[in-house]
Amino acid sequence: HPPPARGARGGRGAQQLLLLGACLAGLAGARGEDTTTTLEDISPPTLDVALPGLELCDAEAFGSACLPQLDAGVSNITVEVAGFDPAAETVRLSFCYTADSQTNRAWRKTEAVIDKNYGKQCSKSIAKSVPVGDFPYTTQVANTIGDSTMFVRAVAMDADGTFIQYGDSDGNLQINVYDYVDTELIVAASVFSVLGPSILVTYFTLQSRKNKKN
């Protein structure tokens, strides 16, 4: 059989791409993901977001004396959210970079669409779906956050996963990369520091005996 014409192959490829796109869109819809709502659509903020135990401040510069500090991968954070609309069912919590921590970092820029902003300014997740009845919510700060100043944003969703209201913490905090060395690594280094010289002595002793025999 002769091979199909180039145009036919191109048309079939285009149809496959369209089908794939439709499938992906269907999956997103089935999961209830909201990919279109902007922050402006649900403004002004109506959620009250508090961080019990932390005295937040308006400073944005890293190292500012008034900023409370948390260590990534070590410290816990508690978030309290109130003021829910009756339709709100779950809440997404995120750390969002302040303007100072966005400077010269295009990958942290603010996006108008909330869903896209989760990949930029608010990319560091605290929790993706907390039931409105589960506050206050406490968890450990993720170890994937570098030195930065941030605030906390809560976005409420209805039963369909549509973003319907939001709120930001009343001030900023500082997150530090925790400076530690893994305990197992320390043990391994200690063992090798002890065994290393012994192994070298044994090697050279055996090598010397071998040379003498030759």
# chains A, B, ... in the order shown; residues from 1 in each chain; ligands from 1

$ residues_around --residues "segment 123-125 of chain A" --least-positions-apart "2" --cutoff "10 Å" --atoms "only C-alpha atoms" --output "ChimeraX atom specification"
/A:92-97,107-108,115-121,127-128,141-142,144-145,150,152-153

$ residues_around --residues "Gln165 of chain A" --least-positions-apart "2" --cutoff "7 Å" --atoms "only C-alpha atoms" --output "PyMOL selection string"
chain A and resi 42+45-47+155-156+163

$ write_last_selection --atoms "C-alpha atoms" --output "compact mmCIF listing (two decimals), in the first residue's frame"
# COMPACT_ATOMS: atom_id res chain seq x y z
CA ILE A 42 -12.88 38.28 43.95
CA PRO A 45 -10.24 40.61 50.25
CA THR A 46 -12.86 39.34 52.70
CA LEU A 47 -10.95 36.66 54.61
CA VAL A 155 -8.04 31.54 48.94
CA ALA A 156 -11.42 29.92 49.60
CA PHE A 163 -12.11 30.55 43.85

$ select_by_dssp --residues "segment 43-182 of chain A" --states "strand (DSSP E)" --output "JSON, numbers by chain"
{"A": [48, 49, 50, 69, 70, 71, 72, 76, 77, 78, 79, 80, 81, 82, 90, 91, 92, 93, 94, 95, 96, 97, 124, 125, 126, 127, 128, 129, 130, 131, 137, 138, 139, 140, 148, 149, 150, 151, 152, 153, 154, 155, 156, 157, 163, 164, 165, 166, 167, 168, 173, 174, 175, 176, 177]}

$ closest_residue --among "A:Ser43, A:Gln174, A:Thr98, A:Ser129" --to "Leu70 of chain A" --atoms "only C-alpha atoms"
A:Gln174

$ closest_residue --among "A:Ala112, A:Ala159, A:Ala99, A:Ala88" --to "Ala59 of chain A" --atoms "only C-alpha atoms"
A:Ala99

$ atom_distance --atom1 "atom CA of Thr149 of chain A" --atom2 "atom CA of Glu111 of chain A"
18.3 Å

$ residues_around --residues "Ser169 of chain A" --least-positions-apart "5" --cutoff "9 Å" --atoms "only C-alpha atoms" --output "PyMOL selection string"
chain A and resi 48-51+56+151-154

$ write_last_selection --atoms "all heavy atoms" --output "PDB file, in the first residue's frame"
ATOM      1  N   ASP A  48     -10.103  36.994  56.854  1.00  0.00           N
ATOM      2  CA  ASP A  48      -9.154  37.447  57.861  1.00  0.00           C
ATOM      3  C   ASP A  48      -8.129  36.341  58.073  1.00  0.00           C
ATOM      4  O   ASP A  48      -8.486  35.217  58.457  1.00  0.00           O
ATOM      5  CB  ASP A  48      -9.865  37.748  59.179  1.00  0.00           C
ATOM      6  CG  ASP A  48     -10.852  38.901  59.047  1.00  0.00           C
ATOM      7  OD1 ASP A  48     -10.495  39.884  58.371  1.00  0.00           O
ATOM      8  OD2 ASP A  48     -11.957  38.812  59.604  1.00  0.00           O
ATOM      9  N   VAL A  49      -6.855  36.660  57.809  1.00  0.00           N
ATOM     10  CA  VAL A  49      -5.778  35.671  57.915  1.00  0.00           C
ATOM     11  C   VAL A  49      -4.818  36.080  59.024  1.00  0.00           C
ATOM     12  O   VAL A  49      -4.202  37.147  58.959  1.00  0.00           O
ATOM     13  CB  VAL A  49      -5.017  35.539  56.577  1.00  0.00           C
ATOM     14  CG1 VAL A  49      -3.923  34.474  56.694  1.00  0.00           C
ATOM     15  CG2 VAL A  49      -5.982  35.198  55.449  1.00  0.00           C
ATOM     16  N   ALA A  50      -4.696  35.244  60.043  1.00  0.00           N
ATOM     17  CA  ALA A  50      -3.815  35.527  61.174  1.00  0.00           C
ATOM     18  C   ALA A  50      -2.820  34.382  61.352  1.00  0.00           C
ATOM     19  O   ALA A  50      -3.110  33.229  61.008  1.00  0.00           O
ATOM     20  CB  ALA A  50      -4.631  35.710  62.450  1.00  0.00           C
ATOM     21  N   LEU A  51      -1.645  34.715  61.878  1.00  0.00           N
ATOM     22  CA  LEU A  51      -0.605  33.722  62.159  1.00  0.00           C
ATOM     23  C   LEU A  51      -0.308  33.774  63.653  1.00  0.00           C
ATOM     24  O   LEU A  51       0.591  34.495  64.098  1.00  0.00           O
ATOM     25  CB  LEU A  51       0.654  34.017  61.341  1.00  0.00           C
ATOM     26  CG  LEU A  51       0.469  34.189  59.831  1.00  0.00           C
ATOM     27  CD1 LEU A  51       1.811  34.469  59.154  1.00  0.00           C
ATOM     28  CD2 LEU A  51      -0.183  32.955  59.221  1.00  0.00           C
ATOM     29  N   LEU A  56       3.873  40.014  63.034  1.00  0.00           N
ATOM     30  CA  LEU A  56       4.242  40.394  61.674  1.00  0.00           C
ATOM     31  C   LEU A  56       4.521  41.891  61.585  1.00  0.00           C
ATOM     32  O   LEU A  56       4.099  42.673  62.432  1.00  0.00           O
ATOM     33  CB  LEU A  56       3.120  40.021  60.706  1.00  0.00           C
ATOM     34  CG  LEU A  56       2.645  38.563  60.748  1.00  0.00           C
ATOM     35  CD1 LEU A  56       1.516  38.355  59.752  1.00  0.00           C
ATOM     36  CD2 LEU A  56       3.796  37.609  60.476  1.00  0.00           C
ATOM     37  N   PHE A 151       4.454  36.750  52.675  1.00  0.00           N
ATOM     38  CA  PHE A 151       3.212  36.866  53.438  1.00  0.00           C
ATOM     39  C   PHE A 151       2.387  35.628  53.129  1.00  0.00           C
ATOM     40  O   PHE A 151       2.718  34.850  52.223  1.00  0.00           O
ATOM     41  CB  PHE A 151       2.456  38.147  53.078  1.00  0.00           C
ATOM     42  CG  PHE A 151       2.031  38.264  51.647  1.00  0.00           C
ATOM     43  CD1 PHE A 151       0.801  37.791  51.221  1.00  0.00           C
ATOM     44  CD2 PHE A 151       2.873  38.852  50.702  1.00  0.00           C
ATOM     45  CE1 PHE A 151       0.408  37.902  49.893  1.00  0.00           C
ATOM     46  CE2 PHE A 151       2.494  38.970  49.368  1.00  0.00           C
ATOM     47  CZ  PHE A 151       1.257  38.495  48.963  1.00  0.00           C
ATOM     48  N   VAL A 152       1.336  35.411  53.895  1.00  0.00           N
ATOM     49  CA  VAL A 152       0.498  34.220  53.699  1.00  0.00           C
ATOM     50  C   VAL A 152      -0.817  34.631  53.061  1.00  0.00           C
ATOM     51  O   VAL A 152      -1.449  35.602  53.474  1.00  0.00           O
ATOM     52  CB  VAL A 152       0.226  33.509  55.041  1.00  0.00           C
ATOM     53  CG1 VAL A 152      -0.790  32.380  54.853  1.00  0.00           C
ATOM     54  CG2 VAL A 152       1.529  32.949  55.607  1.00  0.00           C
ATOM     55  N   ARG A 153      -1.216  33.889  52.037  1.00  0.00           N
ATOM     56  CA  ARG A 153      -2.496  34.136  51.360  1.00  0.00           C
ATOM     57  C   ARG A 153      -3.397  32.918  51.497  1.00  0.00           C
ATOM     58  O   ARG A 153      -2.960  31.780  51.308  1.00  0.00           O
ATOM     59  CB  ARG A 153      -2.276  34.463  49.889  1.00  0.00           C
ATOM     60  CG  ARG A 153      -3.573  34.572  49.053  1.00  0.00           C
ATOM     61  CD  ARG A 153      -3.304  35.211  47.702  1.00  0.00           C
ATOM     62  NE  ARG A 153      -2.945  36.618  47.873  1.00  0.00           N
ATOM     63  CZ  ARG A 153      -2.412  37.366  46.911  1.00  0.00           C
ATOM     64  NH1 ARG A 153      -2.136  36.821  45.730  1.00  0.00           N
ATOM     65  NH2 ARG A 153      -2.112  38.623  47.137  1.00  0.00           N
ATOM     66  N   ALA A 154      -4.655  33.187  51.811  1.00  0.00           N
ATOM     67  CA  ALA A 154      -5.676  32.141  51.862  1.00  0.00           C
ATOM     68  C   ALA A 154      -6.704  32.420  50.777  1.00  0.00           C
ATOM     69  O   ALA A 154      -7.193  33.558  50.656  1.00  0.00           O
ATOM     70  CB  ALA A 154      -6.337  32.121  53.233  1.00  0.00           C
TER      71      ALA A 154
END

$ closest_residue --among "A:Leu54, A:Asn143, A:Ile164, A:Val177" --to "Thr78 of chain A" --atoms "only C-alpha atoms"
A:Leu54

$ select_by_dssp --residues "segment 16-197 of chain A" --states "alpha helix (DSSP H)" --output "count of residues only"
38

$ closest_residue --among "A:Thr162, A:Thr38, A:Ser148, A:Val113" --to "Ala61 of chain A" --atoms "only C-alpha atoms"
A:Ser148

$ atom_distance --atom1 "atom CA of Glu89 of chain A" --atom2 "atom CA of Val130 of chain A"
8.4 Å

$ closest_residue --among "A:Gly133, A:Pro68, A:Gly146, A:Gly73" --to "Gly171 of chain A" --atoms "only C-alpha atoms"
A:Pro68

$ decode --residues "segment 35-156 of chain A" --atoms "C-alpha atoms" --output "mmCIF file, in the first residue's frame"
data_model
loop_
_atom_site.group_PDB
_atom_site.id
_atom_site.type_symbol
_atom_site.label_atom_id
_atom_site.label_comp_id
_atom_site.auth_asym_id
_atom_site.auth_seq_id
_atom_site.Cartn_x
_atom_site.Cartn_y
_atom_site.Cartn_z
ATOM 1 C CA THR A 35 -7.965 28.308 35.744
ATOM 2 C CA THR A 36 -9.616 31.619 34.876
ATOM 3 C CA THR A 37 -10.566 33.571 38.021
ATOM 4 C CA THR A 38 -8.348 36.554 38.755
ATOM 5 C CA LEU A 39 -7.650 38.140 42.113
ATOM 6 C CA GLU A 40 -9.489 41.220 40.899
ATOM 7 C CA ASP A 41 -12.582 39.102 40.248
ATOM 8 C CA ILE A 42 -12.878 38.282 43.952
ATOM 9 C CA SER A 43 -11.627 41.589 45.351
ATOM 10 C CA PRO A 44 -11.688 43.183 47.826
ATOM 11 C CA PRO A 45 -10.242 40.610 50.247
ATOM 12 C CA THR A 46 -12.860 39.341 52.705
ATOM 13 C CA LEU A 47 -10.954 36.656 54.612
ATOM 14 C CA ASP A 48 -9.154 37.447 57.861
ATOM 15 C CA VAL A 49 -5.778 35.671 57.915
ATOM 16 C CA ALA A 50 -3.815 35.527 61.174
ATOM 17 C CA LEU A 51 -0.605 33.722 62.159
ATOM 18 C CA PRO A 52 -0.886 33.085 65.910
ATOM 19 C CA GLY A 53 2.405 33.387 67.767
ATOM 20 C CA LEU A 54 4.044 35.624 65.164
ATOM 21 C CA GLU A 55 4.258 39.414 65.332
ATOM 22 C CA LEU A 56 4.242 40.394 61.674
ATOM 23 C CA CYS A 57 5.489 43.713 60.310
ATOM 24 C CA ASP A 58 5.254 45.672 57.064
ATOM 25 C CA ALA A 59 8.991 45.545 56.266
ATOM 26 C CA GLU A 60 9.923 43.655 53.094
ATOM 27 C CA ALA A 61 13.727 43.794 53.061
ATOM 28 C CA PHE A 62 15.363 40.523 54.069
ATOM 29 C CA GLY A 63 17.060 40.916 57.442
ATOM 30 C CA SER A 64 14.755 43.666 58.733
ATOM 31 C CA ALA A 65 14.791 43.576 62.527
ATOM 32 C CA CYS A 66 11.019 43.529 62.941
ATOM 33 C CA LEU A 67 10.389 40.466 60.751
ATOM 34 C CA PRO A 68 9.586 37.231 62.630
ATOM 35 C CA GLN A 69 11.788 34.415 61.343
ATOM 36 C CA LEU A 70 11.021 30.817 60.438
ATOM 37 C CA ASP A 71 13.470 28.102 59.360
ATOM 38 C CA ALA A 72 12.538 26.148 56.235
ATOM 39 C CA GLY A 73 12.120 22.449 56.936
ATOM 40 C CA VAL A 74 12.250 22.984 60.706
ATOM 41 C CA SER A 75 9.768 25.580 61.992
ATOM 42 C CA ASN A 76 6.022 25.070 62.239
ATOM 43 C CA ILE A 77 3.481 27.668 61.210
ATOM 44 C CA THR A 78 -0.114 28.024 62.406
ATOM 45 C CA VAL A 79 -2.674 29.771 60.205
ATOM 46 C CA GLU A 80 -6.077 30.987 61.368
ATOM 47 C CA VAL A 81 -8.660 31.999 58.758
ATOM 48 C CA ALA A 82 -12.088 33.520 59.413
ATOM 49 C CA GLY A 83 -14.848 35.385 57.562
ATOM 50 C CA PHE A 84 -15.938 32.588 55.244
ATOM 51 C CA ASP A 85 -18.741 32.954 52.735
ATOM 52 C CA PRO A 86 -21.484 30.314 53.270
ATOM 53 C CA ALA A 87 -20.490 28.731 49.930
ATOM 54 C CA ALA A 88 -16.851 28.265 50.959
ATOM 55 C CA GLU A 89 -15.828 24.649 51.545
ATOM 56 C CA THR A 90 -12.042 24.444 51.328
ATOM 57 C CA VAL A 91 -9.094 26.825 51.521
ATOM 58 C CA ARG A 92 -5.755 26.904 49.733
ATOM 59 C CA LEU A 93 -2.903 28.365 51.790
ATOM 60 C CA SER A 94 0.315 29.664 50.279
ATOM 61 C CA PHE A 95 3.417 31.657 51.055
ATOM 62 C CA CYS A 96 3.672 34.567 48.612
ATOM 63 C CA TYR A 97 6.830 36.565 47.894
ATOM 64 C CA THR A 98 6.871 40.241 48.838
ATOM 65 C CA ALA A 99 7.847 42.832 46.220
ATOM 66 C CA ASP A 100 11.369 42.943 47.661
ATOM 67 C CA SER A 101 11.842 39.193 47.178
ATOM 68 C CA GLN A 102 10.476 39.459 43.626
ATOM 69 C CA THR A 103 13.052 42.022 42.499
ATOM 70 C CA ASN A 104 15.169 40.731 39.577
ATOM 71 C CA ARG A 105 13.400 37.352 39.833
ATOM 72 C CA ALA A 106 11.025 37.080 36.896
ATOM 73 C CA TRP A 107 9.989 33.575 37.941
ATOM 74 C CA ARG A 108 8.383 35.106 41.054
ATOM 75 C CA LYS A 109 6.410 37.831 39.295
ATOM 76 C CA THR A 110 2.748 38.401 40.100
ATOM 77 C CA GLU A 111 0.209 36.892 37.683
ATOM 78 C CA ALA A 112 -3.342 38.240 37.493
ATOM 79 C CA VAL A 113 -4.951 34.783 37.185
ATOM 80 C CA ILE A 114 -4.915 33.074 40.592
ATOM 81 C CA ASP A 115 -4.102 29.634 39.202
ATOM 82 C CA LYS A 116 -1.110 30.999 37.241
ATOM 83 C CA ASN A 117 0.076 32.953 40.266
ATOM 84 C CA TYR A 118 0.446 29.674 42.132
ATOM 85 C CA GLY A 119 3.306 28.970 39.766
ATOM 86 C CA LYS A 120 4.923 32.371 40.364
ATOM 87 C CA GLN A 121 4.473 34.724 43.320
ATOM 88 C CA CYS A 122 2.575 32.240 45.508
ATOM 89 C CA SER A 123 4.381 29.074 44.397
ATOM 90 C CA LYS A 124 5.304 27.888 47.909
ATOM 91 C CA SER A 125 2.325 25.935 49.147
ATOM 92 C CA ILE A 126 1.335 25.576 52.792
ATOM 93 C CA ALA A 127 -1.727 23.426 52.099
ATOM 94 C CA LYS A 128 -3.785 22.923 48.932
ATOM 95 C CA SER A 129 -7.145 22.045 50.440
ATOM 96 C CA VAL A 130 -8.026 22.683 54.083
ATOM 97 C CA PRO A 131 -11.710 22.273 55.042
ATOM 98 C CA VAL A 132 -13.114 25.526 56.443
ATOM 99 C CA GLY A 133 -13.840 23.747 59.724
ATOM 100 C CA ASP A 134 -10.209 22.659 60.261
ATOM 101 C CA PHE A 135 -8.790 26.011 61.370
ATOM 102 C CA PRO A 136 -6.473 26.877 63.002
ATOM 103 C CA TYR A 137 -4.217 24.799 60.753
ATOM 104 C CA THR A 138 -0.641 23.921 61.742
ATOM 105 C CA THR A 139 2.074 22.413 59.560
ATOM 106 C CA GLN A 140 5.830 22.487 59.031
ATOM 107 C CA VAL A 141 7.381 25.066 56.716
ATOM 108 C CA ALA A 142 8.522 23.279 53.538
ATOM 109 C CA ASN A 143 12.270 22.775 53.119
ATOM 110 C CA THR A 144 12.093 23.978 49.495
ATOM 111 C CA ILE A 145 11.915 27.682 50.377
ATOM 112 C CA GLY A 146 15.035 29.809 50.066
ATOM 113 C CA ASP A 147 15.924 32.951 52.022
ATOM 114 C CA SER A 148 13.049 35.347 51.406
ATOM 115 C CA THR A 149 10.388 37.622 52.867
ATOM 116 C CA MET A 150 6.830 36.457 52.401
ATOM 117 C CA PHE A 151 3.212 36.866 53.438
ATOM 118 C CA VAL A 152 0.498 34.220 53.699
ATOM 119 C CA ARG A 153 -2.496 34.136 51.360
ATOM 120 C CA ALA A 154 -5.676 32.141 51.862
ATOM 121 C CA VAL A 155 -8.041 31.542 48.936
ATOM 122 C CA ALA A 156 -11.422 29.920 49.596
#
